[in-house]
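Asker: First the structure, which I've put down as structure tokens, then a few questions once you've had a look.
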Amino acid sequence: MRNSGKEWDLLNKLDREENLTQEEIVILLGCRDRKVEEQLFYLADEKRKKYVGEEVHLRGLVEFSNFCRRNCLYCGLRRDNRKLKRYRMSLEELYNLAEKIALQGLKTIVLQSGEDLAYDAKSLASLIHRIKKLDVAVALSIGEREPWEYALWRDAGADRYLLKQETFDRELFAKLHPDDDFDQRLECQRTLKELGYEVGSGNMVGLPYQTLQSLALDIKKFQEWDFDMIGIGPFVPNPDTPLGEEVSNPEGKYLLTLKVLALTRVLTKTSNLPATTALGTLIPGGREKALSCGANVFMPNFTPSFYQSRYIIYPGKGIEESWENYLLEVKKMIERKGRVASTGYGNRVSSGSGEAGRR
Ligand code: SAH
């Protein structure tokens, strides 16, 4: 082989064994040779084809409340952010929106919010039950709740739950989450798995105090836990949070995020990996590039624009005014990339049983 050196040996090993140690991952994450980076992205794209094929799963995202009981240092929805105008959608509004999304042909509806206890478990369960009649998969992303609540929603028909660990570095987690506990959050993911949900975890890349060691640990943990979905996005500083002043290098953070994504694809093989909105916020075209670096999921935002403009986790998200057009654009983009917009539910492929899923 023409290229020699430790990094190229590691890429060969990654291709052959589809595995690396944490230390080896650190070396690849730290390598700034463009050729090595491009080869890593190419490899991830090949493994994506091999394990999850050409389909891109579309998930209709609804951000239904920006109230939050927590105070995570990086997030614009944090309780102490007095600048944010808060909103809550009613259950009826939510149902009507879900119906519109289903009519567009999307087969997954993602309900996301801050940790807002105003929505009680029983009301949410009956909403889920109603939405399930629209013949869609339902994914929840509403934070940490009690095991009995997770169980109730699962019984009502919820299929998936997204709860990112954000970082698997205990000390870093503690620094960023003044009122959250590392083990408790991880325990929620364990409970969700036991209840039979498809479980999504994930991280943020480029957090203050985060090292390549902690990112490599995240990747090994994704592999060890065998999460069904893994959301990997760059940290985007929000001036209305305590971490708003962070000096950042968007290009470096962008490439590092893509490398974490690419390595995660190879090591987890069949996990569903979204091209996250935050990547597109950081660098124009970032989400499209992610689809060539291991990602196979895209989440168009269907939140009405007057609410979307207040769901400011981080700045610069961009607001979609007309989502019929937007959806067409997304589908065209997927086709341009030689991929196929999926018409199925988009469950995780399980070896042998294809798209059958687990329900
Ligand atoms: N309250 C829910 C939903 C969280 S919001 C929960 O706790 O799971 C969705 C995601 O936004 C978070 O998981 C986090 O990874 C991401 N996020 C928060 N602040 C961010 C920031 N400043 N930059 C990039 N991503 C951020």
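Please note that chains go A, B, ... in the order of the structure tokens, that every chain numbers its residues from 1, and that ligands are numbered from 1 in the order shown.
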Could the residues that lie within 8 Å of ligand 1, counting only C-alpha atoms and all ligand atoms, be listed as a ChimeraX atom specification?
Answerer: /A:68,72,74-77,112-115,141-144,162-166,202-204,231-238,278,313-314
Asker: DSSP on the backbone: what in region 122-313 of chain A comes out helix (DSSP H, G or I), as JSON, numbers by chain?
Answerer: {"A": [122, 123, 124, 125, 126, 127, 128, 129, 130, 131, 132, 147, 148, 149, 150, 151, 152, 153, 154, 155, 156, 170, 171, 172, 173, 174, 175, 176, 182, 183, 184, 185, 186, 187, 188, 189, 190, 191, 192, 193, 194, 212, 213, 214, 215, 216, 217, 218, 219, 220, 221, 222, 223, 224, 225, 250, 251, 252, 253, 254, 255, 256, 257, 258, 259, 260, 261, 262, 263, 264, 265, 266, 267, 268, 277, 278, 279, 280, 281, 282, 286, 287, 288, 289, 290, 291, 305, 306, 307, 308]}
Asker: Could you dump the residues just selected with C-alpha atoms as a compact mmCIF listing (two decimals), in the first residue's frame?
Answerer:
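The resulting file, part16.txt, is shown below:
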```
# COMPACT_ATOMS: atom_id res chain seq x y z
CA LYS A 122 -51.39 9.28 31.58
CA SER A 123 -52.25 12.12 29.18
CA LEU A 124 -49.11 11.39 27.18
CA ALA A 125 -50.00 7.69 27.11
CA SER A 126 -53.41 8.40 25.60
CA LEU A 127 -51.84 10.74 23.05
CA ILE A 128 -49.36 8.02 22.06
CA HIS A 129 -52.20 5.52 21.78
CA ARG A 130 -54.06 7.85 19.41
CA ILE A 131 -51.00 8.64 17.31
CA LYS A 132 -50.18 4.95 16.93
CA PRO A 147 -39.64 3.79 35.17
CA TRP A 148 -43.42 3.36 35.58
CA GLU A 149 -43.97 6.27 33.21
CA TYR A 150 -41.63 4.77 30.60
CA ALA A 151 -43.54 1.49 31.02
CA LEU A 152 -46.94 3.17 30.61
CA TRP A 153 -45.85 4.86 27.36
CA ARG A 154 -44.37 1.64 26.06
CA ASP A 155 -47.70 -0.11 26.76
CA ALA A 156 -49.47 2.72 24.95
CA ARG A 170 -18.15 11.14 34.42
CA GLU A 171 -16.23 14.22 35.49
CA LEU A 172 -17.18 16.17 32.41
CA PHE A 173 -20.80 15.13 32.87
CA ALA A 174 -20.75 16.46 36.44
CA LYS A 175 -19.26 19.80 35.32
CA LEU A 176 -21.98 20.33 32.72
CA PHE A 182 -24.46 10.45 35.49
CA ASP A 183 -25.61 7.05 36.79
CA GLN A 184 -29.23 8.03 37.00
CA ARG A 185 -29.28 9.10 33.34
CA LEU A 186 -27.56 5.89 32.28
CA GLU A 187 -29.97 3.89 34.42
CA CYS A 188 -32.85 5.44 32.46
CA GLN A 189 -31.31 4.09 29.25
CA ARG A 190 -31.00 0.64 30.83
CA THR A 191 -34.64 0.70 31.95
CA LEU A 192 -35.79 1.78 28.49
CA LYS A 193 -33.86 -1.12 26.93
CA GLU A 194 -35.41 -3.57 29.38
CA LEU A 212 -10.05 13.04 22.64
CA GLN A 213 -9.87 10.38 25.35
CA SER A 214 -13.42 11.16 26.45
CA LEU A 215 -14.67 11.10 22.85
CA ALA A 216 -13.00 7.73 22.28
CA LEU A 217 -14.65 6.50 25.48
CA ASP A 218 -18.04 7.65 24.15
CA ILE A 219 -17.51 5.58 20.98
CA LYS A 220 -16.50 2.47 22.94
CA LYS A 221 -19.56 2.89 25.19
CA PHE A 222 -21.88 3.24 22.18
CA GLN A 223 -20.47 -0.08 20.98
CA GLU A 224 -20.63 -1.80 24.36
CA TRP A 225 -24.23 -0.73 25.04
CA PRO A 250 -16.12 25.51 13.74
CA GLU A 251 -14.16 23.78 10.98
CA GLY A 252 -12.10 21.70 13.43
CA LYS A 253 -15.20 20.82 15.45
CA TYR A 254 -17.04 19.90 12.27
CA LEU A 255 -14.33 17.48 11.11
CA LEU A 256 -13.98 16.01 14.58
CA THR A 257 -17.75 15.39 14.74
CA LEU A 258 -17.66 13.65 11.36
CA LYS A 259 -14.76 11.48 12.55
CA VAL A 260 -16.66 10.47 15.70
CA LEU A 261 -19.67 9.65 13.49
CA ALA A 262 -17.56 7.63 11.02
CA LEU A 263 -15.85 5.60 13.75
CA THR A 264 -19.20 4.99 15.46
CA ARG A 265 -20.65 3.63 12.21
CA VAL A 266 -17.85 1.09 11.81
CA LEU A 267 -17.84 -0.03 15.44
CA THR A 268 -21.62 -0.26 15.91
CA THR A 277 -29.30 19.45 12.78
CA ALA A 278 -26.41 20.84 14.82
CA LEU A 279 -23.94 19.74 12.11
CA GLY A 280 -25.88 21.72 9.52
CA THR A 281 -25.94 24.70 11.87
CA LEU A 282 -22.19 24.63 12.30
CA GLY A 286 -22.95 19.57 7.18
CA ARG A 287 -25.97 17.30 7.37
CA GLU A 288 -25.56 16.19 3.76
CA LYS A 289 -21.89 15.43 4.36
CA ALA A 290 -22.83 13.38 7.43
CA LEU A 291 -24.88 11.09 5.18
CA SER A 305 -42.43 28.08 12.79
CA PHE A 306 -43.78 30.34 15.55
CA TYR A 307 -42.83 27.65 18.09
CA GLN A 308 -39.64 26.62 16.30
```
Asker: Give me, please, the distance in Å between CA of Leu94 (chain A) and CA of Lys332 (chain A), quoted to one decimal.
Answerer: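 Taking CA of Leu94 (chain A) as the start and CA of Lys332 (chain A) as the end point, the length is 27.5 Å.
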Asker: Would you please extract all strand (DSSP E or B) residues from region 86-250 of chain A, as assigned by DSSP on the backbone, and give them as a PDB file with all heavy atoms, in the first residue's frame?
Answerer:
```
ATOM      1  N   ARG A  88     -45.862  25.856  25.278  1.00  0.00           N
ATOM      2  CA  ARG A  88     -46.280  24.476  25.444  1.00  0.00           C
ATOM      3  C   ARG A  88     -47.379  24.205  24.428  1.00  0.00           C
ATOM      4  O   ARG A  88     -48.363  24.940  24.378  1.00  0.00           O
ATOM      5  CB  ARG A  88     -46.927  24.347  26.820  1.00  0.00           C
ATOM      6  CG  ARG A  88     -46.323  23.373  27.715  1.00  0.00           C
ATOM      7  CD  ARG A  88     -46.942  23.398  29.090  1.00  0.00           C
ATOM      8  NE  ARG A  88     -45.872  23.358  30.075  1.00  0.00           N
ATOM      9  CZ  ARG A  88     -45.784  24.099  31.148  1.00  0.00           C
ATOM     10  NH1 ARG A  88     -46.722  24.989  31.419  1.00  0.00           N
ATOM     11  NH2 ARG A  88     -44.781  23.961  31.973  1.00  0.00           N
ATOM     12  N   THR A 108     -42.272   7.819  10.993  1.00  0.00           N
ATOM     13  CA  THR A 108     -41.856   7.989  12.388  1.00  0.00           C
ATOM     14  C   THR A 108     -42.149   9.402  12.823  1.00  0.00           C
ATOM     15  O   THR A 108     -41.852  10.357  12.108  1.00  0.00           O
ATOM     16  CB  THR A 108     -40.341   7.750  12.578  1.00  0.00           C
ATOM     17  OG1 THR A 108     -40.036   6.396  12.293  1.00  0.00           O
ATOM     18  CG2 THR A 108     -39.922   8.053  14.025  1.00  0.00           C
ATOM     19  N   ILE A 109     -42.728   9.518  14.017  1.00  0.00           N
ATOM     20  CA  ILE A 109     -42.946  10.834  14.610  1.00  0.00           C
ATOM     21  C   ILE A 109     -42.148  10.911  15.904  1.00  0.00           C
ATOM     22  O   ILE A 109     -42.260  10.033  16.760  1.00  0.00           O
ATOM     23  CB  ILE A 109     -44.445  11.080  14.832  1.00  0.00           C
ATOM     24  CG1 ILE A 109     -45.087  11.188  13.438  1.00  0.00           C
ATOM     25  CG2 ILE A 109     -44.689  12.348  15.656  1.00  0.00           C
ATOM     26  CD1 ILE A 109     -46.562  11.231  13.414  1.00  0.00           C
ATOM     27  N   VAL A 110     -41.298  11.941  15.983  1.00  0.00           N
ATOM     28  CA  VAL A 110     -40.464  12.125  17.168  1.00  0.00           C
ATOM     29  C   VAL A 110     -41.025  13.273  17.984  1.00  0.00           C
ATOM     30  O   VAL A 110     -41.142  14.397  17.491  1.00  0.00           O
ATOM     31  CB  VAL A 110     -39.001  12.469  16.781  1.00  0.00           C
ATOM     32  CG1 VAL A 110     -38.141  12.596  18.040  1.00  0.00           C
ATOM     33  CG2 VAL A 110     -38.420  11.430  15.843  1.00  0.00           C
ATOM     34  N   LEU A 111     -41.408  12.985  19.213  1.00  0.00           N
ATOM     35  CA  LEU A 111     -41.929  14.025  20.099  1.00  0.00           C
ATOM     36  C   LEU A 111     -40.832  14.435  21.060  1.00  0.00           C
ATOM     37  O   LEU A 111     -40.404  13.658  21.905  1.00  0.00           O
ATOM     38  CB  LEU A 111     -43.141  13.487  20.875  1.00  0.00           C
ATOM     39  CG  LEU A 111     -44.299  12.934  20.025  1.00  0.00           C
ATOM     40  CD1 LEU A 111     -45.399  12.373  20.929  1.00  0.00           C
ATOM     41  CD2 LEU A 111     -44.870  14.024  19.114  1.00  0.00           C
ATOM     42  N   GLN A 112     -40.356  15.677  20.909  1.00  0.00           N
ATOM     43  CA  GLN A 112     -39.252  16.146  21.755  1.00  0.00           C
ATOM     44  C   GLN A 112     -39.637  17.400  22.535  1.00  0.00           C
ATOM     45  O   GLN A 112     -40.410  18.224  22.046  1.00  0.00           O
ATOM     46  CB  GLN A 112     -38.014  16.440  20.911  1.00  0.00           C
ATOM     47  CG  GLN A 112     -36.768  16.640  21.765  1.00  0.00           C
ATOM     48  CD  GLN A 112     -35.552  17.063  20.954  1.00  0.00           C
ATOM     49  OE1 GLN A 112     -35.437  18.212  20.556  1.00  0.00           O
ATOM     50  NE2 GLN A 112     -34.655  16.120  20.713  1.00  0.00           N
ATOM     51  N   SER A 113     -39.066  17.514  23.730  1.00  0.00           N
ATOM     52  CA  SER A 113     -39.303  18.710  24.546  1.00  0.00           C
ATOM     53  C   SER A 113     -38.209  18.839  25.592  1.00  0.00           C
ATOM     54  O   SER A 113     -37.379  17.945  25.757  1.00  0.00           O
ATOM     55  CB  SER A 113     -40.657  18.600  25.262  1.00  0.00           C
ATOM     56  OG  SER A 113     -40.598  17.570  26.228  1.00  0.00           O
ATOM     57  N   ALA A 137     -44.398   4.844  13.621  1.00  0.00           N
ATOM     58  CA  ALA A 137     -43.604   4.563  14.817  1.00  0.00           C
ATOM     59  C   ALA A 137     -43.529   5.849  15.632  1.00  0.00           C
ATOM     60  O   ALA A 137     -43.466   6.938  15.072  1.00  0.00           O
ATOM     61  CB  ALA A 137     -42.209   4.108  14.433  1.00  0.00           C
ATOM     62  N   VAL A 138     -43.591   5.708  16.949  1.00  0.00           N
ATOM     63  CA  VAL A 138     -43.512   6.889  17.824  1.00  0.00           C
ATOM     64  C   VAL A 138     -42.216   6.856  18.632  1.00  0.00           C
ATOM     65  O   VAL A 138     -41.912   5.856  19.295  1.00  0.00           O
ATOM     66  CB  VAL A 138     -44.725   6.954  18.781  1.00  0.00           C
ATOM     67  CG1 VAL A 138     -44.538   8.048  19.835  1.00  0.00           C
ATOM     68  CG2 VAL A 138     -46.012   7.195  17.996  1.00  0.00           C
ATOM     69  N   ALA A 139     -41.462   7.935  18.527  1.00  0.00           N
ATOM     70  CA  ALA A 139     -40.237   8.071  19.317  1.00  0.00           C
ATOM     71  C   ALA A 139     -40.404   9.231  20.277  1.00  0.00           C
ATOM     72  O   ALA A 139     -40.877  10.306  19.896  1.00  0.00           O
ATOM     73  CB  ALA A 139     -39.042   8.311  18.400  1.00  0.00           C
ATOM     74  N   LEU A 140     -40.031   9.014  21.526  1.00  0.00           N
ATOM     75  CA  LEU A 140     -40.115  10.076  22.530  1.00  0.00           C
ATOM     76  C   LEU A 140     -38.718  10.583  22.864  1.00  0.00           C
ATOM     77  O   LEU A 140     -37.752   9.813  22.870  1.00  0.00           O
ATOM     78  CB  LEU A 140     -40.766   9.540  23.815  1.00  0.00           C
ATOM     79  CG  LEU A 140     -42.178   8.969  23.677  1.00  0.00           C
ATOM     80  CD1 LEU A 140     -42.616   8.336  25.001  1.00  0.00           C
ATOM     81  CD2 LEU A 140     -43.154  10.066  23.266  1.00  0.00           C
ATOM     82  N   SER A 141     -38.613  11.879  23.123  1.00  0.00           N
ATOM     83  CA  SER A 141     -37.334  12.460  23.537  1.00  0.00           C
ATOM     84  C   SER A 141     -37.644  13.562  24.533  1.00  0.00           C
ATOM     85  O   SER A 141     -37.597  14.749  24.227  1.00  0.00           O
ATOM     86  CB  SER A 141     -36.597  13.010  22.306  1.00  0.00           C
ATOM     87  OG  SER A 141     -35.404  13.651  22.686  1.00  0.00           O
ATOM     88  N   ARG A 160     -39.802   3.957  20.448  1.00  0.00           N
ATOM     89  CA  ARG A 160     -38.391   4.346  20.632  1.00  0.00           C
ATOM     90  C   ARG A 160     -38.284   5.467  21.651  1.00  0.00           C
ATOM     91  O   ARG A 160     -39.244   6.207  21.876  1.00  0.00           O
ATOM     92  CB  ARG A 160     -37.794   4.846  19.307  1.00  0.00           C
ATOM     93  CG  ARG A 160     -38.059   3.914  18.172  1.00  0.00           C
ATOM     94  CD  ARG A 160     -37.318   4.303  16.894  1.00  0.00           C
ATOM     95  NE  ARG A 160     -37.821   3.453  15.836  1.00  0.00           N
ATOM     96  CZ  ARG A 160     -38.331   3.871  14.682  1.00  0.00           C
ATOM     97  NH1 ARG A 160     -38.351   5.155  14.396  1.00  0.00           N
ATOM     98  NH2 ARG A 160     -38.787   3.012  13.800  1.00  0.00           N
ATOM     99  N   TYR A 161     -37.080   5.597  22.208  1.00  0.00           N
ATOM    100  CA  TYR A 161     -36.836   6.687  23.161  1.00  0.00           C
ATOM    101  C   TYR A 161     -35.414   7.200  22.965  1.00  0.00           C
ATOM    102  O   TYR A 161     -34.472   6.415  22.928  1.00  0.00           O
ATOM    103  CB  TYR A 161     -37.007   6.190  24.598  1.00  0.00           C
ATOM    104  CG  TYR A 161     -37.382   7.308  25.552  1.00  0.00           C
ATOM    105  CD1 TYR A 161     -38.686   7.450  26.001  1.00  0.00           C
ATOM    106  CD2 TYR A 161     -36.420   8.228  25.974  1.00  0.00           C
ATOM    107  CE1 TYR A 161     -39.037   8.491  26.859  1.00  0.00           C
ATOM    108  CE2 TYR A 161     -36.768   9.266  26.829  1.00  0.00           C
ATOM    109  CZ  TYR A 161     -38.074   9.401  27.276  1.00  0.00           C
ATOM    110  OH  TYR A 161     -38.416  10.425  28.124  1.00  0.00           O
ATOM    111  N   LEU A 162     -35.306   8.513  22.810  1.00  0.00           N
ATOM    112  CA  LEU A 162     -33.986   9.134  22.647  1.00  0.00           C
ATOM    113  C   LEU A 162     -33.607   9.851  23.934  1.00  0.00           C
ATOM    114  O   LEU A 162     -34.322  10.754  24.373  1.00  0.00           O
ATOM    115  CB  LEU A 162     -33.995  10.169  21.509  1.00  0.00           C
ATOM    116  CG  LEU A 162     -34.660   9.781  20.186  1.00  0.00           C
ATOM    117  CD1 LEU A 162     -34.712  10.984  19.244  1.00  0.00           C
ATOM    118  CD2 LEU A 162     -33.897   8.644  19.533  1.00  0.00           C
ATOM    119  N   GLU A 166     -24.913  12.372  26.470  1.00  0.00           N
ATOM    120  CA  GLU A 166     -24.195  13.635  26.191  1.00  0.00           C
ATOM    121  C   GLU A 166     -22.672  13.501  26.313  1.00  0.00           C
ATOM    122  O   GLU A 166     -21.933  14.043  25.497  1.00  0.00           O
ATOM    123  CB  GLU A 166     -24.683  14.815  27.053  1.00  0.00           C
ATOM    124  CG  GLU A 166     -26.207  14.963  27.194  1.00  0.00           C
ATOM    125  CD  GLU A 166     -26.957  15.261  25.898  1.00  0.00           C
ATOM    126  OE1 GLU A 166     -26.338  15.383  24.849  1.00  0.00           O
ATOM    127  OE2 GLU A 166     -28.210  15.327  25.962  1.00  0.00           O
ATOM    128  N   GLU A 198     -36.616   0.705  21.362  1.00  0.00           N
ATOM    129  CA  GLU A 198     -35.364   0.971  20.668  1.00  0.00           C
ATOM    130  C   GLU A 198     -34.807   2.204  21.358  1.00  0.00           C
ATOM    131  O   GLU A 198     -35.505   3.218  21.484  1.00  0.00           O
ATOM    132  CB  GLU A 198     -35.604   1.273  19.188  1.00  0.00           C
ATOM    133  CG  GLU A 198     -35.855   0.052  18.350  1.00  0.00           C
ATOM    134  CD  GLU A 198     -35.607   0.300  16.862  1.00  0.00           C
ATOM    135  OE1 GLU A 198     -35.273   1.431  16.463  1.00  0.00           O
ATOM    136  OE2 GLU A 198     -35.741  -0.661  16.091  1.00  0.00           O
ATOM    137  N   VAL A 199     -33.565   2.126  21.803  1.00  0.00           N
ATOM    138  CA  VAL A 199     -33.030   3.207  22.624  1.00  0.00           C
ATOM    139  C   VAL A 199     -31.951   3.993  21.887  1.00  0.00           C
ATOM    140  O   VAL A 199     -31.061   3.424  21.262  1.00  0.00           O
ATOM    141  CB  VAL A 199     -32.477   2.658  23.954  1.00  0.00           C
ATOM    142  CG1 VAL A 199     -31.841   3.776  24.778  1.00  0.00           C
ATOM    143  CG2 VAL A 199     -33.592   2.002  24.753  1.00  0.00           C
ATOM    144  N   GLY A 200     -32.074   5.301  21.982  1.00  0.00           N
ATOM    145  CA  GLY A 200     -31.081   6.195  21.386  1.00  0.00           C
ATOM    146  C   GLY A 200     -30.263   6.872  22.469  1.00  0.00           C
ATOM    147  O   GLY A 200     -30.815   7.396  23.434  1.00  0.00           O
ATOM    148  N   SER A 201     -28.943   6.820  22.302  1.00  0.00           N
ATOM    149  CA  SER A 201     -28.072   7.618  23.156  1.00  0.00           C
ATOM    150  C   SER A 201     -27.319   8.592  22.258  1.00  0.00           C
ATOM    151  O   SER A 201     -27.801   8.905  21.163  1.00  0.00           O
ATOM    152  CB  SER A 201     -27.113   6.722  23.946  1.00  0.00           C
ATOM    153  OG  SER A 201     -26.427   7.481  24.930  1.00  0.00           O
ATOM    154  N   GLY A 202     -26.180   9.044  22.681  1.00  0.00           N
ATOM    155  CA  GLY A 202     -25.412   9.952  21.838  1.00  0.00           C
ATOM    156  C   GLY A 202     -24.596  10.923  22.657  1.00  0.00           C
ATOM    157  O   GLY A 202     -24.606  10.862  23.897  1.00  0.00           O
ATOM    158  N   ASN A 203     -23.900  11.797  21.948  1.00  0.00           N
ATOM    159  CA  ASN A 203     -23.032  12.747  22.643  1.00  0.00           C
ATOM    160  C   ASN A 203     -22.980  14.082  21.917  1.00  0.00           C
ATOM    161  O   ASN A 203     -23.582  14.258  20.854  1.00  0.00           O
ATOM    162  CB  ASN A 203     -21.620  12.170  22.799  1.00  0.00           C
ATOM    163  CG  ASN A 203     -20.892  12.045  21.469  1.00  0.00           C
ATOM    164  OD1 ASN A 203     -21.473  12.221  20.397  1.00  0.00           O
ATOM    165  ND2 ASN A 203     -19.619  11.734  21.524  1.00  0.00           N
ATOM    166  N   MET A 204     -22.268  15.012  22.531  1.00  0.00           N
ATOM    167  CA  MET A 204     -21.919  16.268  21.860  1.00  0.00           C
ATOM    168  C   MET A 204     -20.406  16.278  21.702  1.00  0.00           C
ATOM    169  O   MET A 204     -19.686  15.800  22.580  1.00  0.00           O
ATOM    170  CB  MET A 204     -22.379  17.462  22.682  1.00  0.00           C
ATOM    171  CG  MET A 204     -23.832  17.821  22.431  1.00  0.00           C
ATOM    172  SD  MET A 204     -24.334  19.238  23.408  1.00  0.00           S
ATOM    173  CE  MET A 204     -24.611  18.458  24.978  1.00  0.00           C
ATOM    174  N   VAL A 205     -19.961  16.841  20.588  1.00  0.00           N
ATOM    175  CA  VAL A 205     -18.531  16.856  20.278  1.00  0.00           C
ATOM    176  C   VAL A 205     -18.022  18.290  20.356  1.00  0.00           C
ATOM    177  O   VAL A 205     -18.637  19.203  19.798  1.00  0.00           O
ATOM    178  CB  VAL A 205     -18.280  16.277  18.869  1.00  0.00           C
ATOM    179  CG1 VAL A 205     -16.803  16.356  18.500  1.00  0.00           C
ATOM    180  CG2 VAL A 205     -18.796  14.849  18.774  1.00  0.00           C
ATOM    181  N   MET A 229     -29.896   3.635  18.330  1.00  0.00           N
ATOM    182  CA  MET A 229     -29.732   4.934  17.661  1.00  0.00           C
ATOM    183  C   MET A 229     -28.674   5.713  18.440  1.00  0.00           C
ATOM    184  O   MET A 229     -28.615   5.606  19.667  1.00  0.00           O
ATOM    185  CB  MET A 229     -31.055   5.713  17.673  1.00  0.00           C
ATOM    186  CG  MET A 229     -32.189   4.973  16.972  1.00  0.00           C
ATOM    187  SD  MET A 229     -33.803   5.644  17.383  1.00  0.00           S
ATOM    188  CE  MET A 229     -34.028   5.138  19.067  1.00  0.00           C
ATOM    189  N   ILE A 230     -27.886   6.494  17.702  1.00  0.00           N
ATOM    190  CA  ILE A 230     -26.852   7.283  18.369  1.00  0.00           C
ATOM    191  C   ILE A 230     -26.777   8.658  17.704  1.00  0.00           C
ATOM    192  O   ILE A 230     -26.447   8.760  16.519  1.00  0.00           O
ATOM    193  CB  ILE A 230     -25.481   6.569  18.300  1.00  0.00           C
ATOM    194  CG1 ILE A 230     -25.567   5.183  18.955  1.00  0.00           C
ATOM    195  CG2 ILE A 230     -24.399   7.411  18.987  1.00  0.00           C
ATOM    196  CD1 ILE A 230     -24.518   4.206  18.485  1.00  0.00           C
ATOM    197  N   GLY A 231     -27.125   9.680  18.455  1.00  0.00           N
ATOM    198  CA  GLY A 231     -27.107  11.044  17.935  1.00  0.00           C
ATOM    199  C   GLY A 231     -25.769  11.713  18.266  1.00  0.00           C
ATOM    200  O   GLY A 231     -25.426  11.869  19.434  1.00  0.00           O
ATOM    201  N   ILE A 232     -25.031  12.063  17.225  1.00  0.00           N
ATOM    202  CA  ILE A 232     -23.709  12.665  17.419  1.00  0.00           C
ATOM    203  C   ILE A 232     -23.723  14.055  16.797  1.00  0.00           C
ATOM    204  O   ILE A 232     -23.866  14.196  15.582  1.00  0.00           O
ATOM    205  CB  ILE A 232     -22.629  11.789  16.747  1.00  0.00           C
ATOM    206  CG1 ILE A 232     -22.589  10.420  17.436  1.00  0.00           C
ATOM    207  CG2 ILE A 232     -21.258  12.476  16.781  1.00  0.00           C
ATOM    208  CD1 ILE A 232     -21.895   9.350  16.621  1.00  0.00           C
ATOM    209  N   GLY A 233     -23.610  15.074  17.631  1.00  0.00           N
ATOM    210  CA  GLY A 233     -23.671  16.439  17.097  1.00  0.00           C
ATOM    211  C   GLY A 233     -22.613  17.316  17.738  1.00  0.00           C
ATOM    212  O   GLY A 233     -22.181  17.052  18.863  1.00  0.00           O
ATOM    213  N   PRO A 234     -22.189  18.363  17.037  1.00  0.00           N
ATOM    214  CA  PRO A 234     -21.224  19.280  17.631  1.00  0.00           C
ATOM    215  C   PRO A 234     -21.885  20.145  18.694  1.00  0.00           C
ATOM    216  O   PRO A 234     -23.070  20.456  18.588  1.00  0.00           O
ATOM    217  CB  PRO A 234     -20.792  20.145  16.442  1.00  0.00           C
ATOM    218  CG  PRO A 234     -21.996  20.156  15.547  1.00  0.00           C
ATOM    219  CD  PRO A 234     -22.636  18.808  15.698  1.00  0.00           C
TER     220      PRO A 234
END
```
Asker: From the options A:Pro315, A:Asn296, A:Thr241, A:Lys6, which residue's atoms come nearest to Glu55 (chain A), counting only C-alpha atoms?
Answerer: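 Using only C-alpha atoms, the shortest distance to Glu55 (chain A) belongs to A:Asn296.
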Asker: Can you work out the spacing between CA of Gly5 (chain A) and CA of Val36 (chain A) in Å, to one decimal?
Answerer: 10.4 Å
